[in-house]
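Heads up: the structure comes next, in structure tokens.
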Amino acid sequence: MTDIVRFCVVRHGETGWNAERRLQGHVDIPLNATGEAQAQATAQLLSGHAFDAAYTSDLRRAADTAAAICASRRPASPRADLRERHYGIFQGLTYTEAETRHPEAYAHFEARTPDEPIPGGGESLTRFQARIRAAFDAMADAHAGQTVLVVAHGGVLDILNRMARQRPLEAPRDFKIPNAALNWLRRAPEGWSIEAWAQEAHLPGARDELPNS
């Protein structure tokens with residue numbers, strides 16, 4: 001059996017906080033009407049694809065997106081280690097509010113200082129990367145030769161793209177992460193690679209409100 005594992009990783013559909021450019025992190029925000037429609041559009045696009053397993057972040061915005069995609073499949077298994085980065089004191093604030101109220105911490109956030117945790121229980125990029133890498137390596141180890149669906153978050157996809165391209169955590173983002181778009185990756189014995197990224201033709205006007213940080 002081949003050791004290659006293929007992943008289709010989907011960012012959750014849009015939420016009201018995405019539309020407001022408000023940092024969600026671990027706050028459990030539901031999809032808005034646009035996000036629900038995006039989840040259905042993604043479900044329709046993936047209706048002809050076979051997946052051997054499906055996983056989702058346990059946060060509602062991802063779990064509800066996964067439920068739409070998996071409506072006629074085996075339900076996605078929730079995993080807390082697929083959650084968005086914990087943004088500490090920034091959670092619930094818009095990017096502008098976070099910069100205004102916490103300028104020193106926000107400067108590290110904007111500069112993508114890898115080892116600097118966000119105050120208030122937030123994760124550093126280094127710690128977040130380790131969590132996401134461990135989660136995906138564990139799923140890959142469990143599904144050799146299979147194709148796996150994962151529904152997660154923008155920050156998770158940021159880590160995956162850099163991991164596959166061996167791009168530093170502190171480098172500015174040079175790729176899109178639209179809500180509900182498809183991102184195809186594989187893990188082979190030689191490492192991780194990207195097959196296709198940010199497939200969004202089924203999503204008119206999909207939002208990518210994430211900063212470079």
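In the structure tokens, chains take the letters A, B, ... in the order shown, each chain's residues start at 1, and ligands count up from 1 in the order shown.
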Shell around A:Arg162 at 12 Å using only C-alpha atoms, local window under 2 positions removed, as a list in words:
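Skipping anything fewer than 2 positions along the chain leaves Leu125, Gln129, Ile132, Arg133, Gly155, Val156, Leu157, Asp158, Ile159, Leu160, Ala164, Arg165, Gln166, Arg167, Pro168, Leu169, Glu170, Ala171, Pro172, Arg173, Asp174, Phe175, Leu185, Trp192, Ser193 and Ile194 of chain A.
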DSSP-assigned strand (DSSP E) members of stretch 83-189 of chain A, reported as a ChimeraX atom specification:
/A:147-152,182-188
How would the residues just picked look written out with C-alpha atoms as a PDB file, in the first residue's frame?
ATOM      1  CA  THR A 147      -7.842  10.558   1.265  1.00  0.00           C
ATOM      2  CA  VAL A 148      -8.916  12.636   4.255  1.00  0.00           C
ATOM      3  CA  LEU A 149     -11.227  15.643   4.583  1.00  0.00           C
ATOM      4  CA  VAL A 150     -10.359  18.226   7.238  1.00  0.00           C
ATOM      5  CA  VAL A 151     -12.378  21.358   8.088  1.00  0.00           C
ATOM      6  CA  ALA A 152     -10.464  23.886  10.153  1.00  0.00           C
ATOM      7  CA  LEU A 182     -10.572  23.800  -1.086  1.00  0.00           C
ATOM      8  CA  ASN A 183      -6.883  23.195  -0.409  1.00  0.00           C
ATOM      9  CA  TRP A 184      -5.333  19.877  -1.446  1.00  0.00           C
ATOM     10  CA  LEU A 185      -2.131  18.620   0.176  1.00  0.00           C
ATOM     11  CA  ARG A 186      -0.333  15.318   0.408  1.00  0.00           C
ATOM     12  CA  ARG A 187       2.141  13.704   2.742  1.00  0.00           C
ATOM     13  CA  ALA A 188       4.547  11.301   1.082  1.00  0.00           C
TER      14      ALA A 188
END
Run DSSP on the backbone and give me the residues of chain A it puts in alpha helix (DSSP H), as a ChimeraX atom specification.
/A:16-19,33-45,60-69,95-101,103-111,125-142,154-165
Go ahead and save the residues from that selection, with C-alpha atoms, as a tab-separated table (two decimals), in the first residue's frame.
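Final file, part_33.tsv:
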chain	number	residue	atom	x	y	z
A	16	GLY	CA	-20.18	37.65	11.39
A	17	TRP	CA	-16.83	38.22	13.04
A	18	ASN	CA	-14.99	37.50	9.78
A	19	ALA	CA	-17.11	40.19	8.15
A	33	ALA	CA	-26.00	33.32	6.35
A	34	THR	CA	-23.17	33.75	3.84
A	35	GLY	CA	-21.14	31.10	5.61
A	36	GLU	CA	-24.04	28.66	5.59
A	37	ALA	CA	-24.45	29.18	1.84
A	38	GLN	CA	-20.72	28.70	1.34
A	39	ALA	CA	-20.81	25.44	3.29
A	40	GLN	CA	-23.62	24.17	1.07
A	41	ALA	CA	-21.75	25.23	-2.09
A	42	THR	CA	-18.64	23.41	-0.91
A	43	ALA	CA	-20.70	20.35	-0.04
A	44	GLN	CA	-22.14	20.33	-3.55
A	45	LEU	CA	-18.69	20.65	-5.11
A	60	ARG	CA	-18.89	25.47	15.82
A	61	ARG	CA	-17.99	27.42	12.69
A	62	ALA	CA	-15.84	24.54	11.45
A	63	ALA	CA	-18.07	21.75	12.78
A	64	ASP	CA	-21.16	23.21	11.08
A	65	THR	CA	-19.25	23.56	7.79
A	66	ALA	CA	-18.15	19.95	8.12
A	67	ALA	CA	-21.70	18.83	8.92
A	68	ALA	CA	-22.93	20.34	5.65
A	69	ILE	CA	-20.18	18.67	3.64
A	95	TYR	CA	-7.57	44.09	14.24
A	96	THR	CA	-7.73	47.87	14.61
A	97	GLU	CA	-8.91	47.62	18.22
A	98	ALA	CA	-6.19	45.09	19.06
A	99	GLU	CA	-3.50	47.37	17.62
A	100	THR	CA	-4.87	50.43	19.45
A	101	ARG	CA	-5.34	48.78	22.85
A	103	PRO	CA	0.31	48.16	20.62
A	104	GLU	CA	3.37	46.28	21.92
A	105	ALA	CA	1.76	42.85	21.69
A	106	TYR	CA	0.24	43.70	18.33
A	107	ALA	CA	3.63	44.75	16.96
A	108	HIS	CA	4.92	41.23	17.66
A	109	PHE	CA	1.76	39.77	16.12
A	110	GLU	CA	2.14	41.87	12.98
A	111	ALA	CA	5.84	41.07	12.70
A	125	LEU	CA	3.36	30.88	16.30
A	126	THR	CA	5.98	28.27	17.20
A	127	ARG	CA	3.65	26.55	19.66
A	128	PHE	CA	0.70	26.78	17.27
A	129	GLN	CA	2.78	25.30	14.44
A	130	ALA	CA	3.84	22.38	16.66
A	131	ARG	CA	0.20	21.65	17.54
A	132	ILE	CA	-0.97	21.69	13.92
A	133	ARG	CA	1.98	19.67	12.61
A	134	ALA	CA	1.42	17.01	15.28
A	135	ALA	CA	-2.31	16.83	14.48
A	136	PHE	CA	-1.76	16.38	10.74
A	137	ASP	CA	1.09	13.93	11.17
A	138	ALA	CA	-1.13	11.85	13.48
A	139	MET	CA	-3.98	11.85	10.95
A	140	ALA	CA	-1.57	10.96	8.13
A	141	ASP	CA	-0.09	8.11	10.17
A	142	ALA	CA	-3.60	6.75	10.78
A	154	GLY	CA	-7.44	30.20	8.43
A	155	GLY	CA	-4.53	30.03	10.84
A	156	VAL	CA	-4.33	26.26	10.43
A	157	LEU	CA	-4.10	26.67	6.65
A	158	ASP	CA	-1.42	29.33	7.08
A	159	ILE	CA	0.68	26.81	9.00
A	160	LEU	CA	0.04	24.02	6.48
A	161	ASN	CA	1.04	26.13	3.50
A	162	ARG	CA	4.29	27.17	5.15
A	163	MET	CA	4.96	23.61	6.28
A	164	ALA	CA	4.51	22.21	2.78
A	165	ARG	CA	6.58	24.97	1.15
Tell me, in Å to one decimal, how far atom CA of A:Ala50 is from atom CA of A:Pro78.
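For atom CA of A:Ala50 relative to atom CA of A:Pro78, the distance reads 19.2 Å.
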Produce a table with one row for each residue of stretch 35-121 of chain A that has an atom at most 6 Å from any atom of stretch 21-28 of chain A, each row naming the nearest atom pair and its distance in Å at one decimal; use only C-alpha atoms; arrange rows by chain and rising residue number; format as a tab-separated table.
residue	atom	partner	partner_atom	distance
A:Leu59	CA	A:Asp28	CA	5.6
A:Arg60	CA	A:Asp28	CA	5.9
A:Glu84	CA	A:Gly25	CA	5.3
A:Arg85	CA	A:Gly25	CA	5.5
A:His86	CA	A:Gly25	CA	4.9
A:Tyr87	CA	A:Gly25	CA	5.3
A:Gln91	CA	A:Leu23	CA	5.2
A:Gly92	CA	A:Leu23	CA	5.6
A:Leu93	CA	A:Arg22	CA	5.3
A:Thr94	CA	A:Arg22	CA	3.9
With N, CA, C and O atoms retained, write the just-selected residues as a PDB file, in the first residue's frame.
ATOM      1  N   LEU A  59     -14.697  23.622  17.088  1.00  0.00           N
ATOM      2  CA  LEU A  59     -15.385  24.909  17.166  1.00  0.00           C
ATOM      3  C   LEU A  59     -16.539  24.933  16.163  1.00  0.00           C
ATOM      4  O   LEU A  59     -16.431  24.407  15.049  1.00  0.00           O
ATOM      5  N   ARG A  60     -17.623  25.585  16.546  1.00  0.00           N
ATOM      6  CA  ARG A  60     -18.889  25.473  15.815  1.00  0.00           C
ATOM      7  C   ARG A  60     -18.788  25.885  14.358  1.00  0.00           C
ATOM      8  O   ARG A  60     -19.388  25.262  13.478  1.00  0.00           O
ATOM      9  N   GLU A  84      -8.367  26.952  15.821  1.00  0.00           N
ATOM     10  CA  GLU A  84      -7.605  28.140  15.420  1.00  0.00           C
ATOM     11  C   GLU A  84      -6.561  28.449  16.491  1.00  0.00           C
ATOM     12  O   GLU A  84      -6.642  27.970  17.634  1.00  0.00           O
ATOM     13  N   ARG A  85      -5.582  29.244  16.136  1.00  0.00           N
ATOM     14  CA  ARG A  85      -4.620  29.754  17.114  1.00  0.00           C
ATOM     15  C   ARG A  85      -5.369  30.484  18.214  1.00  0.00           C
ATOM     16  O   ARG A  85      -6.357  31.186  17.962  1.00  0.00           O
ATOM     17  N   HIS A  86      -4.907  30.325  19.453  1.00  0.00           N
ATOM     18  CA  HIS A  86      -5.491  31.092  20.565  1.00  0.00           C
ATOM     19  C   HIS A  86      -4.885  32.491  20.536  1.00  0.00           C
ATOM     20  O   HIS A  86      -3.667  32.648  20.624  1.00  0.00           O
ATOM     21  N   TYR A  87      -5.757  33.491  20.417  1.00  0.00           N
ATOM     22  CA  TYR A  87      -5.286  34.871  20.271  1.00  0.00           C
ATOM     23  C   TYR A  87      -5.285  35.663  21.572  1.00  0.00           C
ATOM     24  O   TYR A  87      -5.119  36.885  21.552  1.00  0.00           O
ATOM     25  N   GLN A  91      -8.699  38.250  21.361  1.00  0.00           N
ATOM     26  CA  GLN A  91      -9.941  37.579  21.005  1.00  0.00           C
ATOM     27  C   GLN A  91     -11.145  38.471  21.292  1.00  0.00           C
ATOM     28  O   GLN A  91     -11.284  39.022  22.387  1.00  0.00           O
ATOM     29  N   GLY A  92     -11.999  38.627  20.284  1.00  0.00           N
ATOM     30  CA  GLY A  92     -13.176  39.484  20.394  1.00  0.00           C
ATOM     31  C   GLY A  92     -12.944  40.902  19.913  1.00  0.00           C
ATOM     32  O   GLY A  92     -13.902  41.663  19.768  1.00  0.00           O
ATOM     33  N   LEU A  93     -11.680  41.262  19.643  1.00  0.00           N
ATOM     34  CA  LEU A  93     -11.360  42.610  19.160  1.00  0.00           C
ATOM     35  C   LEU A  93     -11.183  42.594  17.646  1.00  0.00           C
ATOM     36  O   LEU A  93     -10.763  41.587  17.069  1.00  0.00           O
ATOM     37  N   THR A  94     -11.468  43.720  17.006  1.00  0.00           N
ATOM     38  CA  THR A  94     -11.087  43.860  15.608  1.00  0.00           C
ATOM     39  C   THR A  94      -9.577  44.052  15.556  1.00  0.00           C
ATOM     40  O   THR A  94      -8.923  44.348  16.570  1.00  0.00           O
TER      41      THR A  94
END
Mind checking which residues fall within 8 Å of A:Asn179, counting only C-alpha atoms, ignoring those fewer than 5 positions away in the same chain, and posting them as a PyMOL selection string?
chain A and resi 10-14+35+38+154+206-208
Using C-alpha atoms, can you export the residues from the last selection as a tab-separated table (two decimals), in the first residue's frame?
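The file below, out-v6.tsv, is the result:
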chain	number	residue	atom	x	y	z
A	10	VAL	CA	-11.35	23.48	4.00
A	11	ARG	CA	-11.47	26.72	5.94
A	12	HIS	CA	-14.84	27.15	7.66
A	13	GLY	CA	-17.53	29.31	6.06
A	14	GLU	CA	-17.86	33.00	6.83
A	35	GLY	CA	-21.14	31.10	5.61
A	38	GLN	CA	-20.72	28.70	1.34
A	154	GLY	CA	-7.44	30.20	8.43
A	206	ALA	CA	-15.30	34.50	-0.68
A	207	ARG	CA	-13.69	36.51	2.11
A	208	ASP	CA	-10.02	36.47	3.08
Report the distance between atom CA of A:Asp3 and atom CA of A:Gln146 in Å, rounded to one decimal place.
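Answer for the atom CA of A:Asp3 to atom CA of A:Gln146 separation: 8.6 Å.
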Would you mind reading off the distance between atom CA of A:Arg74 and atom CA of A:His143, one decimal, in Å?
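Separating atom CA of A:Arg74 from atom CA of A:His143 is a distance of 15.6 Å.
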Can you pull out the residues contacting A:Thr15? Cut-off 7 Å, using only C-alpha atoms, and skip same-chain residues under 6 positions away; I want them as a ChimeraX atom specification.
/A:29-32,35
Restricting the calculation to only C-alpha atoms, which member of A:Glu20, A:Gly191, A:Leu82, A:Ser72 is positioned closest to A:Leu210?
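Looking only at the distances to A:Leu210, the closest residue turns out to be A:Glu20.
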